[in-house]
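Student: Just work15.txt, nothing more (compact mmCIF, C-alpha atoms and all ligand atoms):
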```txt
# COMPACT_ATOMS: atom_id res chain seq x y z
CA MET Z 163 0.93 25.72 -28.20
CA SER Z 164 -2.22 24.59 -26.38
CA ARG Z 165 -3.17 20.94 -26.52
CA GLY Z 166 -6.56 19.29 -26.18
CA GLU Z 167 -7.92 16.02 -24.82
CA ALA Z 168 -7.86 13.11 -27.29
CA GLU Z 169 -5.12 14.79 -29.33
CA ARG Z 170 -2.35 12.40 -30.38
CA VAL Z 171 1.29 13.41 -30.09
CA GLU Z 172 4.66 11.73 -30.54
CA LEU Z 173 6.79 11.63 -27.39
CA THR Z 174 10.13 10.39 -26.14
CA VAL Z 175 9.47 8.93 -22.70
CA GLY Z 176 11.70 9.80 -19.75
CA ALA Z 177 12.06 8.58 -16.18
CA VAL Z 178 9.41 6.84 -14.05
CA ALA Z 179 7.43 8.97 -11.61
CA PRO Z 180 5.17 8.15 -8.63
CA GLY Z 181 1.67 7.21 -9.78
CA GLY Z 182 2.43 4.49 -12.35
CA HIS Z 183 3.52 6.70 -15.20
CA CYS Z 184 6.66 8.08 -16.82
CA VAL Z 185 7.54 11.70 -17.49
CA ALA Z 186 7.88 13.16 -20.98
CA ARG Z 187 8.09 16.72 -22.28
CA LEU Z 188 6.01 18.33 -24.99
CA ASP Z 189 6.75 21.92 -26.00
CA GLY Z 190 8.45 22.34 -22.62
CA GLN Z 191 5.41 21.06 -20.75
CA VAL Z 192 5.47 17.98 -18.46
CA VAL Z 193 3.41 14.99 -19.66
CA PHE Z 194 2.67 12.05 -17.36
CA VAL Z 195 2.45 9.07 -19.71
CA ARG Z 196 0.83 5.75 -18.72
CA HIS Z 197 1.40 2.43 -20.50
CA ALA Z 198 4.94 3.52 -21.36
CA LEU Z 199 8.52 2.73 -20.31
CA PRO Z 200 11.56 5.00 -19.98
CA GLY Z 201 13.43 5.45 -23.26
CA GLU Z 202 10.49 4.56 -25.48
CA ARG Z 203 9.27 6.56 -28.44
CA VAL Z 204 5.46 6.45 -28.44
CA VAL Z 205 2.34 7.99 -29.89
CA ALA Z 206 0.37 9.17 -26.86
CA GLU Z 207 -3.22 10.28 -26.59
CA ILE Z 208 -3.78 13.20 -24.24
CA THR Z 209 -6.29 12.25 -21.53
CA GLU Z 210 -6.22 15.33 -19.29
CA VAL Z 211 -5.11 18.92 -19.72
CA HIS Z 212 -4.08 20.81 -16.57
CA ARG Z 213 -2.38 24.12 -15.94
CA GLY Z 214 1.29 23.22 -16.21
CA PHE Z 215 1.02 19.52 -17.11
CA LEU Z 216 -0.77 16.98 -19.26
CA ARG Z 217 -1.72 13.35 -18.78
CA ALA Z 218 -1.55 10.91 -21.67
CA ASP Z 219 -1.76 7.21 -22.54
CA ALA Z 220 0.79 5.60 -24.87
CA VAL Z 221 -1.45 4.11 -27.58
CA THR Z 222 1.21 3.08 -30.11
CA VAL Z 223 4.77 2.12 -29.31
CA LEU Z 224 7.19 3.22 -32.02
CA ASP Z 225 10.42 2.15 -30.26
CA ALA Z 226 9.86 -0.38 -27.48
CA ALA Z 227 12.07 -0.69 -24.38
CA ALA Z 228 13.72 -4.04 -23.72
CA ASP Z 229 11.58 -4.45 -20.56
CA ARG Z 230 8.26 -4.15 -22.41
CA VAL Z 231 6.03 -7.26 -22.44
CA GLU Z 232 2.55 -7.93 -23.77
CA PRO Z 233 0.12 -7.23 -20.87
CA PRO Z 234 -1.37 -10.60 -19.88
CA CYS Z 235 -4.75 -8.97 -19.16
CA PRO Z 236 -6.85 -7.75 -22.11
CA TYR Z 237 -8.33 -5.00 -19.89
CA ALA Z 238 -4.92 -3.53 -18.94
CA ARG Z 239 -4.95 -1.16 -21.90
CA PRO Z 240 -5.44 2.58 -22.47
CA GLY Z 241 -9.04 3.58 -21.73
CA ARG Z 242 -9.91 0.26 -20.08
CA CYS Z 243 -9.46 -1.03 -16.49
CA GLY Z 244 -7.33 1.28 -14.32
CA GLY Z 245 -6.50 -1.30 -11.65
CA CYS Z 246 -3.07 -2.31 -12.96
CA ASP Z 247 -0.44 0.24 -13.97
CA LEU Z 248 2.48 -1.99 -14.92
CA GLN Z 249 1.18 -5.02 -16.82
CA HIS Z 250 3.29 -3.92 -19.80
CA VAL Z 251 6.48 -4.10 -17.71
CA ALA Z 252 8.45 -7.36 -17.24
CA PRO Z 253 8.08 -8.55 -13.61
CA ALA Z 254 11.76 -7.99 -12.68
CA ALA Z 255 11.65 -4.52 -14.22
CA GLN Z 256 8.55 -3.70 -12.13
CA LEU Z 257 10.76 -4.11 -9.05
CA ASP Z 258 13.35 -1.72 -10.54
CA TRP Z 259 10.56 0.73 -11.42
CA LYS Z 260 9.30 0.77 -7.82
CA THR Z 261 12.84 1.00 -6.44
CA SER Z 262 13.43 4.12 -8.59
CA VAL Z 263 10.26 5.73 -7.26
CA VAL Z 264 11.26 5.03 -3.64
CA VAL Z 265 14.77 6.41 -4.15
CA GLU Z 266 13.41 9.51 -5.89
CA GLN Z 267 10.90 10.22 -3.12
CA LEU Z 268 13.46 9.71 -0.36
CA THR Z 269 15.79 12.09 -2.14
CA ARG Z 270 13.28 14.81 -3.03
CA LEU Z 271 10.89 14.67 -0.07
CA GLY Z 272 12.95 12.81 2.53
CA GLY Z 273 16.13 14.83 2.04
CA LEU Z 274 18.35 11.71 2.03
CA THR Z 275 21.78 12.11 0.43
CA PRO Z 276 23.15 9.78 -2.28
CA ALA Z 277 25.57 8.40 0.33
CA GLU Z 278 22.72 7.56 2.71
CA LEU Z 279 20.76 5.92 -0.11
CA ASP Z 280 23.83 3.89 -1.11
CA ARG Z 281 24.18 2.67 2.45
CA LEU Z 282 20.47 1.71 2.61
CA ASP Z 283 20.82 -0.20 -0.69
CA VAL Z 284 17.06 0.01 -1.38
CA ARG Z 285 15.75 -2.83 -3.55
CA VAL Z 286 12.09 -3.72 -3.80
CA GLU Z 287 11.76 -7.48 -3.25
CA ALA Z 288 9.25 -9.82 -4.90
CA LEU Z 289 6.96 -11.95 -2.74
CA PRO Z 290 6.42 -15.65 -3.43
CA GLY Z 291 3.70 -16.58 -5.90
CA GLY Z 292 4.34 -14.51 -9.03
CA PRO Z 293 2.62 -11.41 -10.35
CA LEU Z 294 -0.88 -12.84 -10.99
CA GLY Z 295 -3.53 -14.40 -8.75
CA TRP Z 296 -2.41 -12.69 -5.53
CA ARG Z 297 -5.27 -10.29 -4.78
CA SER Z 298 -7.20 -11.85 -1.87
CA ARG Z 299 -9.67 -8.97 -1.64
CA VAL Z 300 -11.35 -7.51 -4.71
CA ARG Z 301 -14.05 -4.84 -4.57
CA TYR Z 302 -15.89 -4.75 -7.87
CA ALA Z 303 -17.86 -1.62 -8.74
CA VAL Z 304 -21.35 -1.97 -10.21
CA ASP Z 305 -22.34 -0.10 -13.38
CA ALA Z 306 -25.70 1.37 -14.41
CA ALA Z 307 -26.65 -1.96 -16.03
CA ASP Z 308 -26.07 -3.71 -12.64
CA ARG Z 309 -22.91 -5.48 -13.88
CA ALA Z 310 -19.85 -5.87 -11.65
CA GLY Z 311 -16.63 -4.49 -13.08
CA LEU Z 312 -13.55 -2.42 -12.32
CA LEU Z 313 -12.95 1.31 -12.50
CA LYS Z 314 -11.16 3.14 -15.27
CA HIS Z 315 -8.02 5.04 -14.29
CA ARG Z 316 -8.86 8.30 -12.42
CA SER Z 317 -12.56 7.82 -13.15
CA HIS Z 318 -15.80 6.56 -11.61
CA GLU Z 319 -16.66 4.87 -14.90
CA VAL Z 320 -17.09 1.11 -14.47
CA VAL Z 321 -15.46 -1.17 -17.06
CA PRO Z 322 -17.37 -4.49 -17.13
CA VAL Z 323 -14.79 -7.32 -17.06
CA ASP Z 324 -15.16 -11.08 -17.34
CA ARG Z 325 -12.04 -11.75 -15.25
CA CYS Z 326 -9.35 -10.07 -13.21
CA LEU Z 327 -6.01 -11.83 -13.59
CA ILE Z 328 -4.46 -10.45 -10.41
CA ALA Z 329 -7.45 -11.72 -8.36
CA HIS Z 330 -6.92 -14.87 -6.29
CA PRO Z 331 -8.01 -17.98 -8.27
CA ALA Z 332 -10.82 -18.62 -5.75
CA ILE Z 333 -12.16 -15.11 -6.47
CA ARG Z 334 -11.79 -15.60 -10.21
CA ASP Z 335 -13.94 -18.75 -9.90
CA LEU Z 336 -16.84 -16.84 -8.29
CA PRO Z 337 -19.90 -16.24 -10.49
CA VAL Z 338 -20.00 -12.51 -9.77
CA LEU Z 339 -18.95 -10.90 -13.07
CA ALA Z 340 -21.07 -9.98 -16.06
CA ASP Z 341 -20.25 -13.07 -18.14
CA SER Z 342 -21.76 -15.29 -15.41
CA GLY Z 343 -25.09 -13.56 -16.04
CA THR Z 344 -25.17 -12.25 -12.46
CA ARG Z 345 -26.54 -8.74 -12.01
CA TRP Z 346 -26.37 -6.60 -8.86
CA PRO Z 347 -29.40 -4.32 -8.71
CA ASP Z 348 -29.12 -1.83 -5.80
CA ALA Z 349 -25.51 -2.76 -4.96
CA GLU Z 350 -22.73 -0.17 -5.30
CA VAL Z 351 -19.89 -2.59 -4.63
CA VAL Z 352 -19.45 -6.37 -4.70
CA ALA Z 353 -16.78 -7.20 -2.12
CA THR Z 354 -15.01 -10.55 -2.44
CA VAL Z 355 -12.49 -12.23 -0.13
CA ALA Z 356 -10.40 -15.40 -0.48
CA SER Z 357 -8.64 -15.83 2.86
CA THR Z 358 -5.42 -17.67 3.71
CA GLY Z 359 -7.55 -19.90 5.96
CA GLY Z 360 -9.46 -21.13 2.87
CA ASP Z 361 -12.67 -19.10 3.21
CA VAL Z 362 -14.30 -17.42 0.22
CA SER Z 363 -16.93 -14.81 0.84
CA VAL Z 364 -19.02 -12.35 -1.17
CA ALA Z 365 -20.95 -9.35 0.15
CA THR Z 366 -22.58 -6.30 -1.35
CA VAL Z 367 -22.08 -2.78 -0.08
CA THR Z 368 -24.79 -0.15 -0.49
CA ASP Z 369 -24.81 3.24 1.22
CA GLY Z 370 -22.04 1.95 3.50
CA THR Z 371 -24.06 -1.09 4.61
CA THR Z 372 -22.51 -4.51 4.03
CA THR Z 373 -24.84 -7.43 3.26
CA PRO Z 374 -23.40 -10.97 3.11
CA VAL Z 375 -24.24 -12.84 -0.11
CA SER Z 376 -22.31 -16.11 0.09
CA GLY Z 377 -19.59 -17.71 2.19
CA PRO Z 378 -18.87 -16.94 5.84
CA PRO Z 379 -19.17 -13.29 6.96
CA VAL Z 380 -16.21 -13.97 9.30
CA VAL Z 381 -13.14 -15.36 7.51
CA ARG Z 382 -10.06 -17.15 8.81
CA GLU Z 383 -6.59 -15.77 8.10
CA VAL Z 384 -3.34 -17.48 9.06
CA ALA Z 385 -0.43 -15.21 9.93
CA ALA Z 386 2.18 -14.57 12.61
CA GLY Z 387 1.79 -18.18 13.75
CA ARG Z 388 -1.89 -17.72 14.63
CA GLU Z 389 -5.31 -18.22 13.11
CA TRP Z 390 -7.33 -15.02 12.94
CA ARG Z 391 -11.10 -14.65 12.63
CA LEU Z 392 -12.08 -11.41 10.97
CA PRO Z 393 -15.29 -9.94 9.58
CA ALA Z 394 -14.72 -10.08 5.82
CA ASP Z 395 -14.62 -6.29 5.50
CA THR Z 396 -12.07 -5.66 8.29
CA PHE Z 397 -8.69 -4.33 7.08
CA TRP Z 398 -6.24 -7.13 6.32
CA GLN Z 399 -3.16 -7.28 4.13
CA VAL Z 400 -4.25 -8.15 0.59
CA HIS Z 401 -1.38 -10.29 -0.69
CA PRO Z 402 -1.51 -13.76 0.91
CA ALA Z 403 2.20 -13.56 1.83
CA ALA Z 404 2.09 -9.94 3.00
CA ALA Z 405 1.19 -10.33 6.66
CA ASP Z 406 4.00 -12.80 7.42
CA THR Z 407 6.49 -10.86 5.28
CA LEU Z 408 5.80 -7.61 7.11
CA VAL Z 409 5.81 -9.23 10.55
CA ALA Z 410 9.18 -10.87 9.84
CA ALA Z 411 10.65 -7.56 8.62
CA VAL Z 412 9.34 -5.58 11.61
CA LEU Z 413 10.59 -8.16 14.15
CA ALA Z 414 14.01 -8.37 12.47
CA GLN Z 415 14.37 -4.57 12.60
CA LEU Z 416 13.10 -4.02 16.16
CA ALA Z 417 14.53 -7.19 17.77
CA PRO Z 418 12.06 -6.97 20.70
CA GLN Z 419 13.38 -8.31 23.99
CA PRO Z 420 11.48 -10.01 26.83
CA GLY Z 421 10.06 -7.44 29.24
CA GLU Z 422 10.11 -4.53 26.77
CA SER Z 423 7.17 -2.24 26.12
CA ALA Z 424 5.85 -1.52 22.62
CA TRP Z 425 3.20 0.51 20.84
CA ASP Z 426 1.40 -0.81 17.76
CA LEU Z 427 -0.01 2.41 16.29
CA TYR Z 428 -2.64 2.09 13.53
CA GLY Z 429 -2.84 -1.49 14.75
CA GLY Z 430 -5.88 -2.84 12.87
CA ALA Z 431 -6.80 -6.33 14.06
CA GLY Z 432 -3.48 -6.58 15.91
CA LEU Z 433 -1.13 -8.32 13.47
CA PHE Z 434 1.99 -6.59 14.81
CA ALA Z 435 0.70 -6.41 18.41
CA ALA Z 436 0.40 -10.21 18.49
CA ALA Z 437 3.90 -10.71 17.08
CA LEU Z 438 5.37 -8.14 19.49
CA ALA Z 439 3.50 -9.67 22.44
CA ASP Z 440 5.02 -13.09 21.69
CA ARG Z 441 8.50 -11.54 21.76
CA VAL Z 442 8.19 -9.25 24.79
CA GLY Z 443 6.47 -12.07 26.66
CA PRO Z 444 4.18 -11.92 29.70
CA SER Z 445 6.50 -9.49 31.52
CA GLY Z 446 6.34 -7.04 28.61
CA ARG Z 447 3.55 -4.73 27.51
CA VAL Z 448 2.03 -3.89 24.11
CA THR Z 449 -0.43 -1.06 23.48
CA LEU Z 450 -2.41 -1.13 20.25
CA VAL Z 451 -4.15 2.02 19.02
CA GLU Z 452 -6.78 1.78 16.29
CA SER Z 453 -9.62 4.09 15.32
CA ALA Z 454 -11.93 1.88 13.22
CA ALA Z 455 -14.57 0.17 15.36
CA GLN Z 456 -14.26 -3.02 13.32
CA GLY Z 457 -10.50 -3.16 13.72
CA VAL Z 458 -10.82 -2.61 17.47
CA ALA Z 459 -13.46 -5.34 17.77
CA ALA Z 460 -11.34 -7.75 15.70
CA ALA Z 461 -8.28 -7.04 17.87
CA ARG Z 462 -10.33 -7.60 21.05
CA ASP Z 463 -11.70 -10.90 19.68
CA ASN Z 464 -8.37 -12.20 18.38
CA LEU Z 465 -5.92 -11.26 21.13
CA THR Z 466 -7.78 -12.60 24.18
CA ASP Z 467 -4.90 -15.00 24.95
CA LEU Z 468 -2.41 -12.12 25.23
CA PRO Z 469 -3.10 -10.27 28.51
CA GLN Z 470 0.00 -8.12 27.95
CA VAL Z 471 -1.80 -6.38 25.04
CA GLU Z 472 -3.91 -3.32 25.82
CA ILE Z 473 -6.27 -2.12 23.06
CA VAL Z 474 -7.04 1.59 22.84
CA ALA Z 475 -9.94 2.61 20.59
CA ALA Z 476 -8.89 6.08 19.41
CA ARG Z 477 -7.26 8.05 16.67
CA VAL Z 478 -3.51 7.88 17.15
CA GLU Z 479 -3.12 11.66 17.13
CA THR Z 480 -5.84 12.00 19.79
CA ALA Z 481 -4.48 9.16 21.95
CA LEU Z 482 -1.06 10.84 21.99
CA ALA Z 483 -2.25 14.43 22.37
CA ARG Z 484 -4.70 13.62 25.17
CA ARG Z 485 -2.20 11.34 26.86
CA ARG Z 486 -4.38 8.22 26.62
CA ILE Z 487 -1.07 6.56 25.89
CA THR Z 488 2.08 7.91 27.51
CA GLY Z 489 5.75 7.02 27.40
CA PRO Z 490 8.28 5.88 28.15
CA VAL Z 491 8.12 3.10 25.58
CA ASP Z 492 10.90 0.92 24.13
CA LEU Z 493 9.58 0.13 20.64
CA VAL Z 494 6.99 1.55 18.26
CA VAL Z 495 5.39 0.18 15.09
CA LEU Z 496 3.82 2.87 12.91
CA ASP Z 497 1.59 1.51 10.13
CA PRO Z 498 -0.51 4.50 9.07
CA PRO Z 499 -2.85 4.80 6.09
CA ARG Z 500 -1.62 6.39 2.85
CA THR Z 501 -1.54 9.89 4.31
CA GLY Z 502 1.30 8.88 6.64
CA ALA Z 503 1.60 9.53 10.38
CA GLY Z 504 2.32 13.26 10.05
CA ALA Z 505 4.71 15.47 11.97
CA PRO Z 506 2.66 15.85 15.21
CA VAL Z 507 2.38 12.06 15.61
CA VAL Z 508 6.07 11.51 14.79
CA ARG Z 509 7.13 14.16 17.32
CA ALA Z 510 4.84 12.73 20.02
CA VAL Z 511 6.24 9.24 19.37
CA LEU Z 512 9.80 10.52 19.70
CA ALA Z 513 8.91 12.32 22.92
CA ALA Z 514 8.04 8.91 24.40
CA GLY Z 515 11.72 7.95 24.04
CA PRO Z 516 11.62 4.65 22.09
CA ARG Z 517 14.92 2.99 21.23
CA ALA Z 518 13.60 2.12 17.75
CA VAL Z 519 10.61 2.69 15.47
CA ALA Z 520 9.56 0.37 12.64
CA TYR Z 521 7.58 2.34 10.06
CA VAL Z 522 5.40 0.27 7.70
CA ALA Z 523 4.45 2.48 4.76
CA CYS Z 524 2.19 2.03 1.75
CA ASP Z 525 2.96 5.45 0.30
CA PRO Z 526 6.62 6.32 -0.34
CA ALA Z 527 5.88 10.08 -0.50
CA ALA Z 528 4.15 10.20 2.89
CA PHE Z 529 6.88 7.96 4.32
CA ALA Z 530 9.62 10.23 2.94
CA ARG Z 531 7.97 13.32 4.46
CA ASP Z 532 7.75 11.59 7.84
CA VAL Z 533 11.38 10.44 7.56
CA ARG Z 534 12.30 14.10 7.20
CA THR Z 535 10.53 14.82 10.52
CA PHE Z 536 12.51 12.01 12.15
CA THR Z 537 15.83 13.22 10.75
CA GLY Z 538 15.00 16.81 11.71
CA ALA Z 539 14.59 15.57 15.29
CA GLY Z 540 18.00 13.87 15.32
CA TRP Z 541 16.95 10.38 14.19
CA ARG Z 542 18.09 8.43 11.13
CA LEU Z 543 16.73 5.84 8.75
CA ALA Z 544 18.98 2.92 9.65
CA GLU Z 545 17.43 0.20 7.43
CA LEU Z 546 14.88 0.11 4.65
CA ARG Z 547 13.21 -2.81 2.93
CA GLY Z 548 10.77 -2.59 0.07
CA PHE Z 549 8.25 -5.30 -0.79
CA ASP Z 550 6.18 -5.79 -3.92
CA LEU Z 551 2.91 -6.53 -2.10
CA PHE Z 552 0.92 -5.32 -5.13
CA PRO Z 553 2.46 -6.77 -8.32
CA MET Z 554 1.32 -5.24 -11.65
CA THR Z 555 0.26 -2.05 -9.85
CA GLN Z 556 2.34 1.03 -9.06
CA HIS Z 557 2.03 0.37 -5.30
CA VAL Z 558 4.89 -0.64 -3.04
CA GLU Z 559 5.23 -1.29 0.69
CA LEU Z 560 8.18 -0.13 2.77
CA VAL Z 561 9.42 -1.16 6.21
CA GLY Z 562 11.91 1.32 7.62
CA LEU Z 563 13.87 1.18 10.87
CA LEU Z 564 14.35 4.57 12.51
CA VAL Z 565 16.72 5.00 15.42
CA PRO Z 566 18.27 7.92 17.30
CA ASP Z 567 21.30 9.18 15.40
CA ALA Z 568 24.12 8.84 17.92
CA ARG Z 569 26.24 11.26 15.85
CA ARG Z 570 23.67 14.02 16.24
CA ARG Z 571 22.73 13.59 19.88
CA PRO Z 572 23.90 16.29 22.27
CA ASP Z 573 25.51 13.64 24.49
CA ALA Z 574 27.28 11.88 21.58
CA GLY Z 575 30.76 10.76 22.54
CA CYS Z 576 30.14 10.96 26.30
C1 LIG Z 601 -2.42 0.21 6.86
S1 LIG Z 601 -3.66 -0.32 8.00
C2 LIG Z 601 -2.67 -1.28 9.09
C3 LIG Z 601 -3.39 -2.22 10.01
C4 LIG Z 601 -2.53 -3.25 10.71
N1 LIG Z 601 -1.30 -2.70 11.22
C5 LIG Z 601 -2.27 -4.44 9.81
O1 LIG Z 601 -1.18 -4.55 9.25
O2 LIG Z 601 -3.18 -5.28 9.66
C6 LIG Z 601 -3.96 1.16 8.85
C7 LIG Z 601 -4.93 1.05 10.00
O3 LIG Z 601 -4.99 2.32 10.62
C8 LIG Z 601 -6.33 2.61 10.97
N2 LIG Z 601 -6.39 4.08 11.05
C9 LIG Z 601 -6.50 4.98 10.05
N3 LIG Z 601 -6.37 6.23 10.53
C10 LIG Z 601 -6.17 6.11 11.87
C11 LIG Z 601 -5.94 7.05 12.92
N4 LIG Z 601 -5.90 8.34 12.68
N5 LIG Z 601 -5.75 6.58 14.16
C12 LIG Z 601 -5.80 5.24 14.42
N6 LIG Z 601 -6.00 4.31 13.46
C13 LIG Z 601 -6.17 4.73 12.21
C14 LIG Z 601 -7.14 1.96 9.89
O4 LIG Z 601 -8.47 1.70 10.36
C15 LIG Z 601 -6.35 0.69 9.63
O5 LIG Z 601 -6.77 -0.36 10.46
```
Could you write out this structure as structure tokens?

Tutor:
Amino acid sequence: MSRGEAERVELTVGAVAPGGHCVARLDGQVVFVRHALPGERVVAEITEVHRGFLRADAVTVLDAAADRVEPPCPYARPGRCGGCDLQHVAPAAQLDWKTSVVVEQLTRLGGLTPAELDRLDVRVEALPGGPLGWRSRVRYAVDAADRAGLLKHRSHEVVPVDRCLIAHPAIRDLPVLADSGTRWPDAEVVATVASTGGDVSVATVTDGTTTPVSGPPVVREVAAGREWRLPADTFWQVHPAAADTLVAAVLAQLAPQPGESAWDLYGGAGLFAAALADRVGPSGRVTLVESAAQGVAAARDNLTDLPQVEIVAARVETALARRRITGPVDLVVLDPPRTGAGAPVVRAVLAAGPRAVAYVACDPAAFARDVRTFTGAGWRLAELRGFDLFPMTQHVELVGLLVPDARRRPDAGC
């Protein structure tokens, strides 16, 4: 039976899936249902019809799961703001939700066995500070009436909002949203930052050009025992506790030793390079590779006191393929964008002979695919930590330790 958009159907909701929804079945067809929880019976409105699957929003809950809560934000509802996926899920259950997604991806795409997953004991951990007020960078979209707002789910439609509850309190206090009366003619995006160093800045972005509006264009961040100065639109971890949490996890996994050499690939402003440089000391060596001009400039400006750090402005794949960086190297941090590092980069990293790789991942699927490349080359995922850097959303961050699998090496037992 063919179904149409806006049609309402009754569904029994099944397991969680990547993307912030659960899976249900309707006449044998898969339905990805948002605003639902596993085990619930809901009335869902179909939002998209595709060959082989449907998307739908739960609009009425007939039988609620025990983990369902009232979303604190009035915009976190079907057809409204698409920024948060899990406001209807109790905070502790959000961690379980994300853990399930990670385990499922590592099984299906990463090829890990139940025994390996048991040993890894994956559990997504909460960060300090609770699920609201953590977002230190918010990019509001501007609608046709020049009002700043947030985008609907899978849409370019702007939903005007008068607040965003996951935004940092200093961002919430800014008079940038429609209820303040402020309008943004000519701007496409209003970019706000509330930094850990106490700076609050606003800029507009139009045709890729950033124009400062208020606050300092260069903000201070405090992380890895240093103060950083970064142009407000340079990449930086969004949760105020994220940078220190990730640095601590990476250092604990790699245990860098004085005199060792390390690569910080996809290094941004140098968060991990700085932490590695402190550990390997002046007799060690750290090479950071970053492709964005702003990230490179920020790294150059912020790491001047660390002569053991070399900064290479290049795409990682190009730097490896053209031998702008060459092994041997002891340690590698891989922190790629959502697409992952990809098999050619993973293979080139392994060819440099590191004793350990720490992989910082914001997409479990891309991470799982890259893990499969590691395991196919005789390496194993020795440790895995998951962090809820993005509460209320479907996103999760992973830090995995990959090491050569002694059992699978040709010289094992020698
Ligand atoms: C997830 S961020 C991590 C940045 C940094 N490690 C941090 O935690 O602040 C990924 C970084 O990779 C950079 N990037 C994206 N694709 C790249 C590529 N192909 N080669 C090098 N850098 C890349 C981005 O500009 C961004 O700075």

Student: Residues around (13.6, -9.6, 16.9), cut-off 12 Å, counting all atoms listed in the file - what are they as a ChimeraX atom specification?

Tutor: /Z:409-420,422,437-442,493,518,520

Student: Could you give me, as a VMD selection string, every polymer residue with an atom at most 6 Å away from an atom of ligand LIG 601 (chain Z), counting all atoms listed in the file?

Tutor: chain Z and resid 397 to 399 428 to 431 433 451 to 454 457 476 to 478 497 to 499

Student: To one decimal in Å, tell me the separation between CA of Gly166 (chain Z) and CA of Ala220 (chain Z).

Tutor: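 That distance, rounded to one decimal, is 15.6 Å.
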
Student: Could you please determine the separation between CA of Val362 (chain Z) and CA of Tyr302 (chain Z) in Å, to one decimal place?

Tutor: 15.1 Å

Student: By how many Å are CA of Val351 (chain Z) and CA of Gly370 (chain Z) apart?

Tutor: 9.6 Å

Student: Pick out the closest residue to Thr449 (chain Z) from this set: Z:Gln267, Z:Ser423, Z:Thr555, Z:Thr466. Count all atoms listed in the file.

Tutor: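 Distance minimum relative to Thr449 (chain Z) lands on Z:Ser423.
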
Student: Of the candidates Z:His330, Z:Arg485, Z:Arg309, Z:His197, which one gets nearest to Ala514 (chain Z) if we count all atoms listed in the file?

Tutor: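 Of all the options, Z:Arg485 lies closest to Ala514 (chain Z).
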
Student: What residues have an atom no more than 7 Å from (12.1, 1.0, -2.3) in the file's own frame, counting only C-alpha atoms, and can you write them as a ChimeraX atom specification?

Tutor: /Z:260-261,264-265,284-286,547-548,560

Student: Restricting the calculation to all atoms listed in the file: of Z:Leu294, Z:Val211, Z:Ala530, Z:Leu312, which residue gets closest to Phe194 (chain Z)?

Tutor: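 The closest residue to Phe194 (chain Z) is Z:Val211.
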
Student: Which residues are near Arg509 (chain Z)? Cut-off 8 Å, all atoms listed in the file, ignore same chain within fewer than 6 positions. Put them as a list in words.

Tutor: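 Neighbouring residues, sequence-local ones excluded: Thr535, Phe536 and Ala539 of chain Z.
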
Student: Please determine, counting only C-alpha atoms, which residue among Z:Glu266, Z:Asp361, Z:Glu167, Z:Asp369 has the shortest atom-to-atom distance to Val384 (chain Z).

Tutor: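 The shortest atom-to-atom distance to Val384 (chain Z) comes from Z:Asp361.
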
Student: Please list as a ChimeraX atom specification every residue within 10 Å of Ala303 (chain Z), counting only C-alpha atoms and excluding residues in the same chain fewer than 6 positions away.

Tutor: /Z:309-313,318-322,346,349-353,366-367

Student: I want to know what sits within 6 Å of region 200-204 of chain Z, based on only C-alpha atoms, with residues of the same chain fewer than 4 positions away left out; could you give that as a list in words?

Tutor: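 My reading of the contact set: Glu172, Leu173, Thr174, Val175, Gly176, Ala177, Ala220, Thr222, Val223, Leu224, Asp225, Ala226 and Ala227 of chain Z.
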
Student: Using C-alpha atoms, can you write the selected residues to a file as a PDB file, keeping the file's coordinate frame?

Tutor:
```pdb
ATOM      1  CA  GLU Z 172       4.660  11.730 -30.540  1.00  0.00           C
ATOM      2  CA  LEU Z 173       6.790  11.630 -27.390  1.00  0.00           C
ATOM      3  CA  THR Z 174      10.130  10.390 -26.140  1.00  0.00           C
ATOM      4  CA  VAL Z 175       9.470   8.930 -22.700  1.00  0.00           C
ATOM      5  CA  GLY Z 176      11.700   9.800 -19.750  1.00  0.00           C
ATOM      6  CA  ALA Z 177      12.060   8.580 -16.180  1.00  0.00           C
ATOM      7  CA  ALA Z 220       0.790   5.600 -24.870  1.00  0.00           C
ATOM      8  CA  THR Z 222       1.210   3.080 -30.110  1.00  0.00           C
ATOM      9  CA  VAL Z 223       4.770   2.120 -29.310  1.00  0.00           C
ATOM     10  CA  LEU Z 224       7.190   3.220 -32.020  1.00  0.00           C
ATOM     11  CA  ASP Z 225      10.420   2.150 -30.260  1.00  0.00           C
ATOM     12  CA  ALA Z 226       9.860  -0.380 -27.480  1.00  0.00           C
ATOM     13  CA  ALA Z 227      12.070  -0.690 -24.380  1.00  0.00           C
TER      14      ALA Z 227
END
```

Student: Using only C-alpha atoms, which residues sit within 9 Å of Cys326 (chain Z) once same-chain residues fewer than 3 positions away are excluded, as a tab-separated table (two decimals) with C-alpha atoms, keeping the file's coordinate frame?

Tutor:
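Wrote out-v1.tsv, looks like this:
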```
chain	number	residue	atom	x	y	z
Z	235	CYS	CA	-4.75	-8.97	-19.16
Z	237	TYR	CA	-8.33	-5.00	-19.89
Z	295	GLY	CA	-3.53	-14.40	-8.75
Z	312	LEU	CA	-13.55	-2.42	-12.32
Z	323	VAL	CA	-14.79	-7.32	-17.06
Z	329	ALA	CA	-7.45	-11.72	-8.36
Z	330	HIS	CA	-6.92	-14.87	-6.29
Z	333	ILE	CA	-12.16	-15.11	-6.47
Z	334	ARG	CA	-11.79	-15.60	-10.21
```

Student: Using all atoms of region 361-372 of chain Z that appear in the file, construct an axis-aligned enclosing box with 6 Å of padding on every side and provide its centre coordinates and edge lengths in Å, rounded to one decimal, as JSON.

Tutor:
```
{"center_x": -18.7, "center_y": -7.9, "center_z": 1.6, "size_x": 24.1, "size_y": 34.3, "size_z": 18.0}
```
